[in-house]
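**Student:** Hey, dropping my_file.cif in here, mmCIF, N, CA and C atoms:
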```cif
data_protein
#
loop_
_atom_site.label_atom_id
_atom_site.label_comp_id
_atom_site.auth_asym_id
_atom_site.auth_seq_id
_atom_site.Cartn_x
_atom_site.Cartn_y
_atom_site.Cartn_z
N MET A 1 13.00 30.36 -4.37
CA MET A 1 14.35 30.69 -4.75
C MET A 1 15.34 30.38 -3.61
N ILE A 2 14.92 30.73 -2.39
CA ILE A 2 15.79 30.47 -1.23
C ILE A 2 15.92 28.95 -1.02
N LEU A 3 14.81 28.24 -1.19
CA LEU A 3 14.85 26.79 -1.04
C LEU A 3 15.76 26.15 -2.06
N LYS A 4 15.73 26.65 -3.29
CA LYS A 4 16.59 26.12 -4.35
C LYS A 4 18.06 26.35 -4.01
N ARG A 5 18.38 27.53 -3.49
CA ARG A 5 19.76 27.85 -3.12
C ARG A 5 20.23 26.96 -1.97
N GLN A 6 19.36 26.73 -0.98
CA GLN A 6 19.71 25.88 0.15
C GLN A 6 19.92 24.43 -0.28
N LEU A 7 19.06 23.95 -1.18
CA LEU A 7 19.21 22.60 -1.68
C LEU A 7 20.49 22.44 -2.50
N THR A 8 20.81 23.45 -3.30
CA THR A 8 22.05 23.41 -4.09
C THR A 8 23.26 23.40 -3.17
N THR A 9 23.24 24.24 -2.15
CA THR A 9 24.35 24.31 -1.20
C THR A 9 24.50 22.98 -0.46
N ALA A 10 23.37 22.40 -0.02
CA ALA A 10 23.41 21.12 0.68
C ALA A 10 23.95 20.02 -0.23
N ALA A 11 23.54 20.03 -1.50
CA ALA A 11 24.03 19.02 -2.45
C ALA A 11 25.52 19.16 -2.67
N LEU A 12 26.02 20.38 -2.75
CA LEU A 12 27.46 20.60 -2.92
C LEU A 12 28.25 20.11 -1.70
N VAL A 13 27.73 20.42 -0.52
CA VAL A 13 28.41 19.99 0.70
C VAL A 13 28.43 18.47 0.80
N ILE A 14 27.32 17.84 0.51
CA ILE A 14 27.25 16.38 0.57
C ILE A 14 28.17 15.73 -0.45
N SER A 15 28.18 16.26 -1.67
CA SER A 15 29.05 15.68 -2.69
C SER A 15 30.52 15.88 -2.36
N ALA A 16 30.85 17.03 -1.78
CA ALA A 16 32.24 17.27 -1.38
C ALA A 16 32.64 16.32 -0.26
N ALA A 17 31.72 16.09 0.68
CA ALA A 17 32.01 15.18 1.79
C ALA A 17 32.18 13.75 1.30
N MET A 18 31.41 13.37 0.30
CA MET A 18 31.50 12.00 -0.20
C MET A 18 32.77 11.76 -1.00
N THR A 19 33.26 12.78 -1.69
CA THR A 19 34.46 12.59 -2.49
C THR A 19 35.73 12.71 -1.67
N THR A 20 35.66 13.40 -0.56
CA THR A 20 36.82 13.54 0.31
C THR A 20 36.88 12.34 1.23
N THR A 21 37.92 11.57 1.09
CA THR A 21 38.08 10.42 1.97
C THR A 21 39.16 10.74 2.98
N LEU A 22 38.81 10.54 4.21
CA LEU A 22 39.79 10.72 5.26
C LEU A 22 40.48 9.40 5.49
N THR A 23 41.74 9.35 5.18
CA THR A 23 42.47 8.11 5.34
C THR A 23 43.25 8.16 6.65
N ALA A 24 43.07 7.12 7.40
CA ALA A 24 43.84 7.00 8.63
C ALA A 24 45.20 6.44 8.26
N ARG A 25 46.19 6.86 8.96
CA ARG A 25 47.53 6.35 8.67
C ARG A 25 48.09 5.71 9.93
N ASN A 26 49.08 4.93 9.72
CA ASN A 26 49.72 4.23 10.83
C ASN A 26 50.68 5.18 11.55
N VAL A 27 50.64 5.13 12.87
CA VAL A 27 51.55 5.93 13.67
C VAL A 27 52.24 5.00 14.67
N VAL A 28 53.42 5.39 15.07
CA VAL A 28 54.19 4.59 16.03
C VAL A 28 53.79 4.99 17.44
N VAL A 29 53.46 4.00 18.24
CA VAL A 29 53.20 4.20 19.65
C VAL A 29 54.45 3.71 20.37
N PRO A 30 55.02 4.52 21.25
CA PRO A 30 56.28 4.14 21.88
C PRO A 30 56.27 2.76 22.55
N GLN A 31 55.13 2.42 23.20
CA GLN A 31 55.06 1.11 23.84
C GLN A 31 53.60 0.67 23.96
N ALA A 32 53.37 -0.58 23.73
CA ALA A 32 52.06 -1.20 23.94
C ALA A 32 52.28 -2.55 24.60
N TYR A 33 51.22 -3.10 25.11
CA TYR A 33 51.30 -4.38 25.80
C TYR A 33 50.41 -5.37 25.05
N MET A 34 50.82 -6.62 25.00
CA MET A 34 50.03 -7.63 24.31
C MET A 34 50.30 -9.01 24.89
N PHE A 35 49.34 -9.87 24.64
CA PHE A 35 49.53 -11.29 24.92
C PHE A 35 48.87 -12.08 23.80
N GLY A 36 49.33 -13.31 23.66
CA GLY A 36 48.80 -14.17 22.62
C GLY A 36 47.98 -15.30 23.21
N PHE A 37 47.02 -15.74 22.44
CA PHE A 37 46.15 -16.84 22.81
C PHE A 37 46.09 -17.79 21.62
N ALA A 38 46.21 -19.08 21.88
CA ALA A 38 46.17 -20.07 20.80
C ALA A 38 45.35 -21.27 21.24
N ALA A 39 44.50 -21.73 20.34
CA ALA A 39 43.67 -22.91 20.62
C ALA A 39 43.50 -23.70 19.35
N SER A 40 43.02 -24.92 19.52
CA SER A 40 42.75 -25.79 18.38
C SER A 40 41.40 -26.47 18.60
N PHE A 41 40.72 -26.76 17.52
CA PHE A 41 39.46 -27.48 17.62
C PHE A 41 39.69 -28.98 17.82
N ASN A 42 40.93 -29.41 17.67
CA ASN A 42 41.24 -30.84 17.74
C ASN A 42 41.59 -31.34 19.13
N ASP A 43 41.92 -30.44 20.05
CA ASP A 43 42.25 -30.87 21.41
C ASP A 43 41.88 -29.78 22.40
N THR A 44 42.13 -30.05 23.67
CA THR A 44 41.76 -29.10 24.72
C THR A 44 42.93 -28.29 25.24
N ILE A 45 44.05 -28.33 24.55
CA ILE A 45 45.22 -27.55 24.97
C ILE A 45 45.06 -26.11 24.49
N VAL A 46 45.17 -25.20 25.45
CA VAL A 46 45.06 -23.77 25.16
C VAL A 46 46.36 -23.11 25.61
N HIS A 47 46.94 -22.30 24.75
CA HIS A 47 48.19 -21.61 25.08
C HIS A 47 47.94 -20.12 25.30
N PHE A 48 48.58 -19.58 26.31
CA PHE A 48 48.61 -18.14 26.57
C PHE A 48 50.07 -17.73 26.67
N THR A 49 50.43 -16.64 26.03
CA THR A 49 51.75 -16.07 26.30
C THR A 49 51.61 -15.19 27.54
N GLU A 50 52.71 -14.86 28.14
CA GLU A 50 52.67 -13.89 29.22
C GLU A 50 52.40 -12.51 28.62
N VAL A 51 51.92 -11.58 29.43
CA VAL A 51 51.73 -10.21 28.98
C VAL A 51 53.11 -9.63 28.73
N GLN A 52 53.29 -9.04 27.54
CA GLN A 52 54.60 -8.53 27.15
C GLN A 52 54.51 -7.06 26.74
N ALA A 53 55.54 -6.32 27.07
CA ALA A 53 55.67 -4.94 26.59
C ALA A 53 56.41 -4.99 25.26
N VAL A 54 55.85 -4.34 24.26
CA VAL A 54 56.47 -4.30 22.94
C VAL A 54 56.70 -2.84 22.58
N ASP A 55 57.94 -2.52 22.23
CA ASP A 55 58.29 -1.14 21.88
C ASP A 55 58.02 -0.86 20.41
N SER A 56 57.72 0.39 20.10
CA SER A 56 57.55 0.88 18.72
C SER A 56 56.50 0.08 17.95
N VAL A 57 55.31 0.06 18.50
CA VAL A 57 54.19 -0.64 17.88
C VAL A 57 53.43 0.34 16.99
N TRP A 58 52.98 -0.14 15.84
CA TRP A 58 52.23 0.69 14.90
C TRP A 58 50.74 0.50 15.13
N MET A 59 50.03 1.62 15.20
CA MET A 59 48.58 1.59 15.36
C MET A 59 47.94 2.51 14.34
N ASP A 60 46.71 2.21 14.00
CA ASP A 60 45.92 3.05 13.11
C ASP A 60 45.56 4.32 13.87
N SER A 61 45.84 5.48 13.29
CA SER A 61 45.63 6.74 13.99
C SER A 61 44.16 7.05 14.24
N LYS A 62 43.28 6.51 13.43
CA LYS A 62 41.86 6.80 13.58
C LYS A 62 41.18 5.83 14.55
N THR A 63 41.42 4.54 14.39
CA THR A 63 40.73 3.54 15.20
C THR A 63 41.54 3.09 16.42
N HIS A 64 42.82 3.44 16.46
CA HIS A 64 43.74 3.02 17.53
C HIS A 64 43.83 1.50 17.61
N PHE A 65 43.72 0.85 16.46
CA PHE A 65 43.80 -0.60 16.38
C PHE A 65 45.20 -1.00 15.95
N LEU A 66 45.68 -2.09 16.45
CA LEU A 66 47.03 -2.57 16.17
C LEU A 66 47.20 -2.90 14.70
N SER A 67 48.18 -2.30 14.06
CA SER A 67 48.48 -2.61 12.66
C SER A 67 49.39 -3.83 12.60
N GLY A 68 49.17 -4.67 11.62
CA GLY A 68 49.99 -5.87 11.47
C GLY A 68 49.65 -6.98 12.43
N ARG A 69 48.40 -7.02 12.89
CA ARG A 69 48.00 -8.06 13.85
C ARG A 69 48.28 -9.45 13.33
N GLU A 70 48.08 -9.63 12.03
CA GLU A 70 48.30 -10.97 11.46
C GLU A 70 49.76 -11.38 11.56
N ASN A 71 50.68 -10.42 11.52
CA ASN A 71 52.10 -10.74 11.66
C ASN A 71 52.42 -11.26 13.06
N TYR A 72 51.82 -10.63 14.06
CA TYR A 72 52.03 -11.07 15.44
C TYR A 72 51.43 -12.45 15.67
N SER A 73 50.21 -12.67 15.20
CA SER A 73 49.59 -13.98 15.40
C SER A 73 50.29 -15.06 14.58
N ASN A 74 50.79 -14.71 13.39
CA ASN A 74 51.56 -15.68 12.60
C ASN A 74 52.86 -16.07 13.30
N ALA A 75 53.50 -15.12 13.95
CA ALA A 75 54.73 -15.42 14.69
C ALA A 75 54.44 -16.43 15.81
N LEU A 76 53.32 -16.23 16.50
CA LEU A 76 52.94 -17.17 17.56
C LEU A 76 52.59 -18.53 16.96
N ARG A 77 51.88 -18.55 15.86
CA ARG A 77 51.51 -19.80 15.20
C ARG A 77 52.76 -20.57 14.78
N GLU A 78 53.75 -19.87 14.21
CA GLU A 78 54.99 -20.53 13.78
C GLU A 78 55.76 -21.08 14.97
N TYR A 79 55.78 -20.33 16.07
CA TYR A 79 56.46 -20.81 17.26
C TYR A 79 55.81 -22.10 17.76
N LEU A 80 54.48 -22.09 17.83
CA LEU A 80 53.78 -23.28 18.33
C LEU A 80 53.96 -24.47 17.39
N ALA A 81 53.99 -24.22 16.10
CA ALA A 81 54.23 -25.31 15.14
C ALA A 81 55.61 -25.91 15.35
N SER A 82 56.59 -25.06 15.68
CA SER A 82 57.95 -25.57 15.94
C SER A 82 58.02 -26.36 17.24
N GLN A 83 57.03 -26.15 18.12
CA GLN A 83 56.97 -26.87 19.38
C GLN A 83 56.02 -28.08 19.31
N GLN A 84 55.72 -28.54 18.09
CA GLN A 84 54.87 -29.70 17.86
C GLN A 84 53.40 -29.45 18.17
N PHE A 85 52.95 -28.19 18.00
CA PHE A 85 51.54 -27.84 18.14
C PHE A 85 51.09 -27.14 16.86
N PRO A 86 50.94 -27.89 15.77
CA PRO A 86 50.56 -27.26 14.50
C PRO A 86 49.06 -26.94 14.44
N HIS A 87 48.72 -26.13 13.48
CA HIS A 87 47.32 -25.82 13.15
C HIS A 87 46.56 -25.18 14.31
N ARG A 88 47.17 -24.23 14.96
CA ARG A 88 46.53 -23.50 16.05
C ARG A 88 45.89 -22.23 15.51
N THR A 89 44.78 -21.86 16.09
CA THR A 89 44.18 -20.56 15.80
C THR A 89 44.75 -19.60 16.82
N CYS A 90 45.45 -18.57 16.33
CA CYS A 90 46.16 -17.66 17.22
C CYS A 90 45.55 -16.26 17.15
N VAL A 91 45.47 -15.64 18.31
CA VAL A 91 44.91 -14.29 18.44
C VAL A 91 45.86 -13.48 19.30
N VAL A 92 46.00 -12.21 18.96
CA VAL A 92 46.82 -11.31 19.76
C VAL A 92 45.90 -10.25 20.35
N ILE A 93 45.95 -10.08 21.66
CA ILE A 93 45.15 -9.07 22.35
C ILE A 93 46.13 -8.01 22.84
N PHE A 94 45.78 -6.75 22.63
CA PHE A 94 46.72 -5.66 22.93
C PHE A 94 46.00 -4.50 23.60
N ASP A 95 46.77 -3.64 24.23
CA ASP A 95 46.27 -2.40 24.79
C ASP A 95 47.46 -1.51 25.10
N LYS A 96 47.24 -0.23 25.11
CA LYS A 96 48.31 0.69 25.50
C LYS A 96 48.39 0.81 27.01
N ASN A 97 47.35 0.37 27.71
CA ASN A 97 47.29 0.45 29.17
C ASN A 97 47.51 -0.94 29.76
N LEU A 98 48.53 -1.09 30.58
CA LEU A 98 48.90 -2.39 31.14
C LEU A 98 47.81 -2.95 32.04
N LYS A 99 47.22 -2.14 32.90
CA LYS A 99 46.21 -2.64 33.84
C LYS A 99 44.97 -3.14 33.10
N ARG A 100 44.55 -2.43 32.06
CA ARG A 100 43.39 -2.89 31.29
C ARG A 100 43.68 -4.22 30.62
N LEU A 101 44.90 -4.36 30.08
CA LEU A 101 45.25 -5.61 29.42
C LEU A 101 45.34 -6.75 30.41
N GLN A 102 45.86 -6.50 31.60
CA GLN A 102 45.93 -7.55 32.61
C GLN A 102 44.54 -8.02 33.02
N LYS A 103 43.57 -7.11 33.05
CA LYS A 103 42.19 -7.50 33.34
C LYS A 103 41.65 -8.41 32.24
N LYS A 104 41.92 -8.06 30.98
CA LYS A 104 41.48 -8.89 29.85
C LYS A 104 42.14 -10.26 29.92
N TYR A 105 43.41 -10.28 30.28
CA TYR A 105 44.17 -11.51 30.39
C TYR A 105 43.56 -12.44 31.44
N MET A 106 43.29 -11.89 32.62
CA MET A 106 42.73 -12.71 33.70
C MET A 106 41.32 -13.17 33.36
N LYS A 107 40.54 -12.34 32.73
CA LYS A 107 39.18 -12.71 32.35
C LYS A 107 39.20 -13.86 31.34
N MET A 108 40.10 -13.76 30.38
CA MET A 108 40.18 -14.80 29.36
C MET A 108 40.70 -16.11 29.94
N LYS A 109 41.69 -16.02 30.81
CA LYS A 109 42.22 -17.24 31.45
C LYS A 109 41.14 -17.92 32.30
N LYS A 110 40.38 -17.11 33.02
CA LYS A 110 39.31 -17.66 33.84
C LYS A 110 38.24 -18.31 32.98
N LEU A 111 37.98 -17.75 31.83
CA LEU A 111 36.98 -18.28 30.91
C LEU A 111 37.35 -19.68 30.42
N TYR A 112 38.64 -19.91 30.19
CA TYR A 112 39.09 -21.20 29.67
C TYR A 112 39.59 -22.15 30.73
N ALA A 113 39.66 -21.71 31.99
CA ALA A 113 40.23 -22.55 33.04
C ALA A 113 39.30 -23.67 33.48
N GLY A 114 38.02 -23.49 33.38
CA GLY A 114 37.09 -24.53 33.80
C GLY A 114 36.79 -24.52 35.27
N ASP A 115 37.11 -23.42 35.98
CA ASP A 115 36.89 -23.39 37.41
C ASP A 115 35.65 -22.58 37.80
N GLY A 116 34.78 -22.32 36.87
CA GLY A 116 33.58 -21.56 37.19
C GLY A 116 32.46 -21.85 36.22
N LYS A 117 31.32 -21.23 36.45
CA LYS A 117 30.16 -21.47 35.61
C LYS A 117 30.34 -20.94 34.19
N LYS A 118 31.15 -19.90 34.03
CA LYS A 118 31.32 -19.28 32.72
C LYS A 118 32.38 -19.96 31.87
N ALA A 119 33.00 -20.99 32.38
CA ALA A 119 34.08 -21.65 31.64
C ALA A 119 33.52 -22.40 30.45
N ARG A 120 34.22 -22.36 29.35
CA ARG A 120 33.81 -23.04 28.13
C ARG A 120 34.02 -24.55 28.26
N HIS A 121 35.18 -24.96 28.74
CA HIS A 121 35.54 -26.37 28.86
C HIS A 121 36.59 -26.49 29.95
N ASP A 122 36.89 -27.71 30.29
CA ASP A 122 38.06 -27.95 31.14
C ASP A 122 39.25 -28.10 30.22
N ASN A 123 39.94 -27.02 30.01
CA ASN A 123 41.08 -27.00 29.08
C ASN A 123 42.38 -27.20 29.83
N ASP A 124 43.34 -27.68 29.11
CA ASP A 124 44.71 -27.78 29.60
C ASP A 124 45.39 -26.47 29.23
N ILE A 125 45.49 -25.56 30.19
CA ILE A 125 46.04 -24.23 29.91
C ILE A 125 47.55 -24.27 30.10
N ARG A 126 48.26 -23.83 29.07
CA ARG A 126 49.73 -23.78 29.12
C ARG A 126 50.17 -22.35 28.87
N THR A 127 51.05 -21.89 29.75
CA THR A 127 51.56 -20.53 29.62
C THR A 127 52.92 -20.56 28.95
N ILE A 128 53.09 -19.72 27.96
CA ILE A 128 54.37 -19.62 27.25
C ILE A 128 55.14 -18.46 27.86
N ALA A 129 56.27 -18.75 28.46
CA ALA A 129 57.08 -17.73 29.12
C ALA A 129 57.70 -16.78 28.10
N THR A 130 57.96 -15.58 28.55
CA THR A 130 58.60 -14.58 27.68
C THR A 130 59.99 -15.02 27.26
N SER A 131 60.64 -15.83 28.08
CA SER A 131 61.97 -16.33 27.71
C SER A 131 61.90 -17.33 26.56
N GLU A 132 60.74 -17.95 26.36
CA GLU A 132 60.57 -18.91 25.27
C GLU A 132 60.09 -18.25 23.97
N PHE A 133 59.16 -17.30 24.10
CA PHE A 133 58.61 -16.63 22.93
C PHE A 133 58.40 -15.16 23.25
N ARG A 134 58.82 -14.32 22.32
CA ARG A 134 58.68 -12.87 22.51
C ARG A 134 58.16 -12.25 21.23
N PHE A 135 57.15 -11.37 21.37
CA PHE A 135 56.66 -10.62 20.23
C PHE A 135 57.70 -9.58 19.82
N ARG A 136 57.93 -9.44 18.55
CA ARG A 136 58.84 -8.43 18.00
C ARG A 136 58.01 -7.39 17.26
N ALA A 137 58.39 -6.13 17.39
CA ALA A 137 57.66 -5.05 16.71
C ALA A 137 57.72 -5.25 15.20
N VAL A 138 56.60 -4.97 14.55
CA VAL A 138 56.48 -5.09 13.10
C VAL A 138 56.43 -3.69 12.52
N ASN A 139 57.28 -3.41 11.54
CA ASN A 139 57.32 -2.08 10.93
C ASN A 139 56.22 -1.99 9.88
N MET A 140 55.24 -1.16 10.13
CA MET A 140 54.12 -0.98 9.21
C MET A 140 54.16 0.39 8.55
N GLY A 141 55.28 1.08 8.66
CA GLY A 141 55.39 2.43 8.10
C GLY A 141 55.49 2.41 6.59
N ASP A 142 55.00 3.48 5.99
CA ASP A 142 55.10 3.64 4.55
C ASP A 142 55.93 4.89 4.26
N ASN A 143 57.21 4.80 4.64
CA ASN A 143 58.19 5.86 4.44
C ASN A 143 57.84 7.14 5.18
N GLU A 144 56.92 7.07 6.15
CA GLU A 144 56.61 8.21 6.99
C GLU A 144 56.96 7.82 8.41
N ASP A 145 57.76 8.62 9.06
CA ASP A 145 58.12 8.33 10.43
C ASP A 145 57.33 9.26 11.32
N THR A 146 56.11 8.87 11.67
CA THR A 146 55.26 9.68 12.51
C THR A 146 55.13 9.01 13.86
N THR A 147 55.02 9.83 14.89
CA THR A 147 54.93 9.31 16.24
C THR A 147 53.71 9.87 16.93
N GLU A 148 52.99 9.02 17.63
CA GLU A 148 51.86 9.46 18.40
C GLU A 148 52.37 9.88 19.76
N SER A 149 51.91 10.99 20.26
CA SER A 149 52.42 11.45 21.55
C SER A 149 51.30 11.59 22.55
N GLY A 150 51.60 11.24 23.77
CA GLY A 150 50.76 11.55 24.90
C GLY A 150 49.52 10.70 25.12
N LYS A 151 49.08 9.87 24.25
CA LYS A 151 47.83 9.14 24.47
C LYS A 151 48.06 7.91 25.29
#
```
In structure tokens, what does this structure look like?

**Tutor:**
Amino acid sequence: MILKRQLTTAALVISAAMTTTLTARNVVVPQAYMFGFAASFNDTIVHFTEVQAVDSVWMDSKTHFLSGRENYSNALREYLASQQFPHRTCVVIFDKNLKRLQKKYMKMKKLYAGDGKKARHDNDIRTIATSEFRFRAVNMGDNEDTTESGK
């Protein structure tokens, strides 16, 4: 009888847990840092933007992942296409901590520079200055103005 009650209770708890979905929502982070990377399979030209501070960035509250990443990479892709570099694969790397992002930036540049054993190729690395291209914050809110504090 006790075993039956425990099994029933466990089944109820499991079914309740399965039906309850915890949805993460987007929250505004006052400031984050990011840089863009663009490459093509057709040539050895690799583009890096400078590390930029972007205000009012939206992040997923559960995973702390940048919301709207495709919008940022599309903006970089469109800029490069306007500069006669079409069909680039663009990636945006971000962090809320500037020093951590700068480490990622230097590691990635070193990887593509061709000056060490870990280099992929001898690439023509071009840096895009902030005066030429700047990331703009993307509004990912759904009529909720929530702010993340202190992290």

**Student:** Thr44 (chain A): which residues within 6.5 Å, counting all atoms listed in the file, same-chain residues fewer than 6 positions away excluded, as a ChimeraX atom specification?

**Tutor:** /A:122-125

**Student:** Can you write just those residues out, N, CA and C atoms, as a PDB file, in the coordinates of the input?

**Tutor:**
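Resulting contents of out.pdb:
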```
ATOM      1  N   ASP A 122      36.890 -27.710  30.290  1.00  0.00           N
ATOM      2  CA  ASP A 122      38.060 -27.950  31.140  1.00  0.00           C
ATOM      3  C   ASP A 122      39.250 -28.100  30.220  1.00  0.00           C
ATOM      4  N   ASN A 123      39.940 -27.020  30.010  1.00  0.00           N
ATOM      5  CA  ASN A 123      41.080 -27.000  29.080  1.00  0.00           C
ATOM      6  C   ASN A 123      42.380 -27.200  29.830  1.00  0.00           C
ATOM      7  N   ASP A 124      43.340 -27.680  29.110  1.00  0.00           N
ATOM      8  CA  ASP A 124      44.710 -27.780  29.600  1.00  0.00           C
ATOM      9  C   ASP A 124      45.390 -26.470  29.230  1.00  0.00           C
ATOM     10  N   ILE A 125      45.490 -25.560  30.190  1.00  0.00           N
ATOM     11  CA  ILE A 125      46.040 -24.230  29.910  1.00  0.00           C
ATOM     12  C   ILE A 125      47.550 -24.270  30.100  1.00  0.00           C
TER      13      ILE A 125
END
```

**Student:** List as a Markdown table every residue of region 41-73 of chain A that is in contact with region 28-33 of chain A, defined as an atom at most 12 Å from one of its atoms (using only C-alpha atoms), together with the nearest atom pair and the distance in Å rounded to one decimal, sorted by chain and then rising number.

**Tutor:**
```
| residue | atom | partner | partner_atom | distance |
| --- | --- | --- | --- | --- |
| A:Thr49 | CA | A:Tyr33 | CA | 11.7 |
| A:Glu50 | CA | A:Tyr33 | CA | 10.2 |
| A:Val51 | CA | A:Tyr33 | CA | 6.7 |
| A:Gln52 | CA | A:Tyr33 | CA | 5.5 |
| A:Ala53 | CA | A:Tyr33 | CA | 4.5 |
| A:Val54 | CA | A:Ala32 | CA | 5.5 |
| A:Asp55 | CA | A:Gln31 | CA | 4.4 |
| A:Ser56 | CA | A:Pro30 | CA | 4.7 |
| A:Val57 | CA | A:Val29 | CA | 5.2 |
| A:Trp58 | CA | A:Val28 | CA | 4.5 |
| A:Met59 | CA | A:Val28 | CA | 6.4 |
| A:Asp60 | CA | A:Val28 | CA | 8.9 |
| A:Ser61 | CA | A:Val28 | CA | 9.1 |
| A:His64 | CA | A:Val29 | CA | 9.8 |
| A:Phe65 | CA | A:Val29 | CA | 11.0 |
| A:Leu66 | CA | A:Ala32 | CA | 9.4 |
| A:Ser67 | CA | A:Val28 | CA | 9.8 |
```

**Student:** Do a neighbour search on Val46 (chain A) at 12 Å with only C-alpha atoms, toss out local chain neighbours closer than 6 positions, and write the hits as a list of chain:residue names.

**Tutor:**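 Neighbouring residues, sequence-local ones excluded: A:Gly36, A:Phe37, A:Ala38, A:Ala39, A:Ser40, A:Leu80, A:Phe85, A:Arg88, A:Thr89, A:Cys90, A:Val91, A:Met108, A:Lys109, A:Leu111, A:Tyr112, A:Ala113, A:Gly114, A:Arg120, A:His121, A:Asp122, A:Asn123, A:Asp124, A:Ile125, A:Arg126, A:Thr127, A:Ile128.
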
**Student:** Hey, can you check how far atom C of Leu76 (chain A) sits from atom N of Asp95 (chain A)?

**Tutor:**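 Straight-line distance from atom C of Leu76 (chain A) to atom N of Asp95 (chain A) works out to 17.6 Å.
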
**Student:** By how many Å are CA of His47 (chain A) and CA of Thr63 (chain A) apart?

**Tutor:**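 Separation between CA of His47 (chain A) and CA of Thr63 (chain A): 28.0 Å.
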
**Student:** So how far away is atom N of Asn71 (chain A) from CA of Leu98 (chain A), in Å?

**Tutor:**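 Separating CA of Leu98 (chain A) from atom N of Asn71 (chain A) is a distance of 21.3 Å.
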
**Student:** Can you translate the PyMOL selection byres ((chain A and resi 94) around 7) into the concrete residues it hits in this file, as a list in words?

**Tutor:** Ala32, Tyr33, Met34, Phe35, Val92, Ile93, Asp95, Lys96, Asn97 and Leu101 of chain A

**Student:** Residues as selected, N, CA and C atoms, written as a PDB file, in the frame of the given file, can you do that?

**Tutor:**
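Writing the result to again10.pdb gives the following:
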```pdb
ATOM      1  N   ALA A  32      53.370  -0.580  23.730  1.00  0.00           N
ATOM      2  CA  ALA A  32      52.060  -1.200  23.940  1.00  0.00           C
ATOM      3  C   ALA A  32      52.280  -2.550  24.600  1.00  0.00           C
ATOM      4  N   TYR A  33      51.220  -3.100  25.110  1.00  0.00           N
ATOM      5  CA  TYR A  33      51.300  -4.380  25.800  1.00  0.00           C
ATOM      6  C   TYR A  33      50.410  -5.370  25.050  1.00  0.00           C
ATOM      7  N   MET A  34      50.820  -6.620  25.000  1.00  0.00           N
ATOM      8  CA  MET A  34      50.030  -7.630  24.310  1.00  0.00           C
ATOM      9  C   MET A  34      50.300  -9.010  24.890  1.00  0.00           C
ATOM     10  N   PHE A  35      49.340  -9.870  24.640  1.00  0.00           N
ATOM     11  CA  PHE A  35      49.530 -11.290  24.920  1.00  0.00           C
ATOM     12  C   PHE A  35      48.870 -12.080  23.800  1.00  0.00           C
ATOM     13  N   VAL A  92      46.000 -12.210  18.960  1.00  0.00           N
ATOM     14  CA  VAL A  92      46.820 -11.310  19.760  1.00  0.00           C
ATOM     15  C   VAL A  92      45.900 -10.250  20.350  1.00  0.00           C
ATOM     16  N   ILE A  93      45.950 -10.080  21.660  1.00  0.00           N
ATOM     17  CA  ILE A  93      45.150  -9.070  22.350  1.00  0.00           C
ATOM     18  C   ILE A  93      46.130  -8.010  22.840  1.00  0.00           C
ATOM     19  N   ASP A  95      46.770  -3.640  24.230  1.00  0.00           N
ATOM     20  CA  ASP A  95      46.270  -2.400  24.790  1.00  0.00           C
ATOM     21  C   ASP A  95      47.460  -1.510  25.100  1.00  0.00           C
ATOM     22  N   LYS A  96      47.240  -0.230  25.110  1.00  0.00           N
ATOM     23  CA  LYS A  96      48.310   0.690  25.500  1.00  0.00           C
ATOM     24  C   LYS A  96      48.390   0.810  27.010  1.00  0.00           C
ATOM     25  N   ASN A  97      47.350   0.370  27.710  1.00  0.00           N
ATOM     26  CA  ASN A  97      47.290   0.450  29.170  1.00  0.00           C
ATOM     27  C   ASN A  97      47.510  -0.940  29.760  1.00  0.00           C
ATOM     28  N   LEU A 101      44.900  -4.360  30.080  1.00  0.00           N
ATOM     29  CA  LEU A 101      45.250  -5.610  29.420  1.00  0.00           C
ATOM     30  C   LEU A 101      45.340  -6.750  30.410  1.00  0.00           C
TER      31      LEU A 101
END
```

**Student:** I need the residue nearest His87 (chain A) from this list: A:Ser131, A:Asn42, A:Lys107, A:Arg100. Use only N, CA and C atoms for the distance.

**Tutor:**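 Under the stated criterion, the closest residue is A:Asn42.
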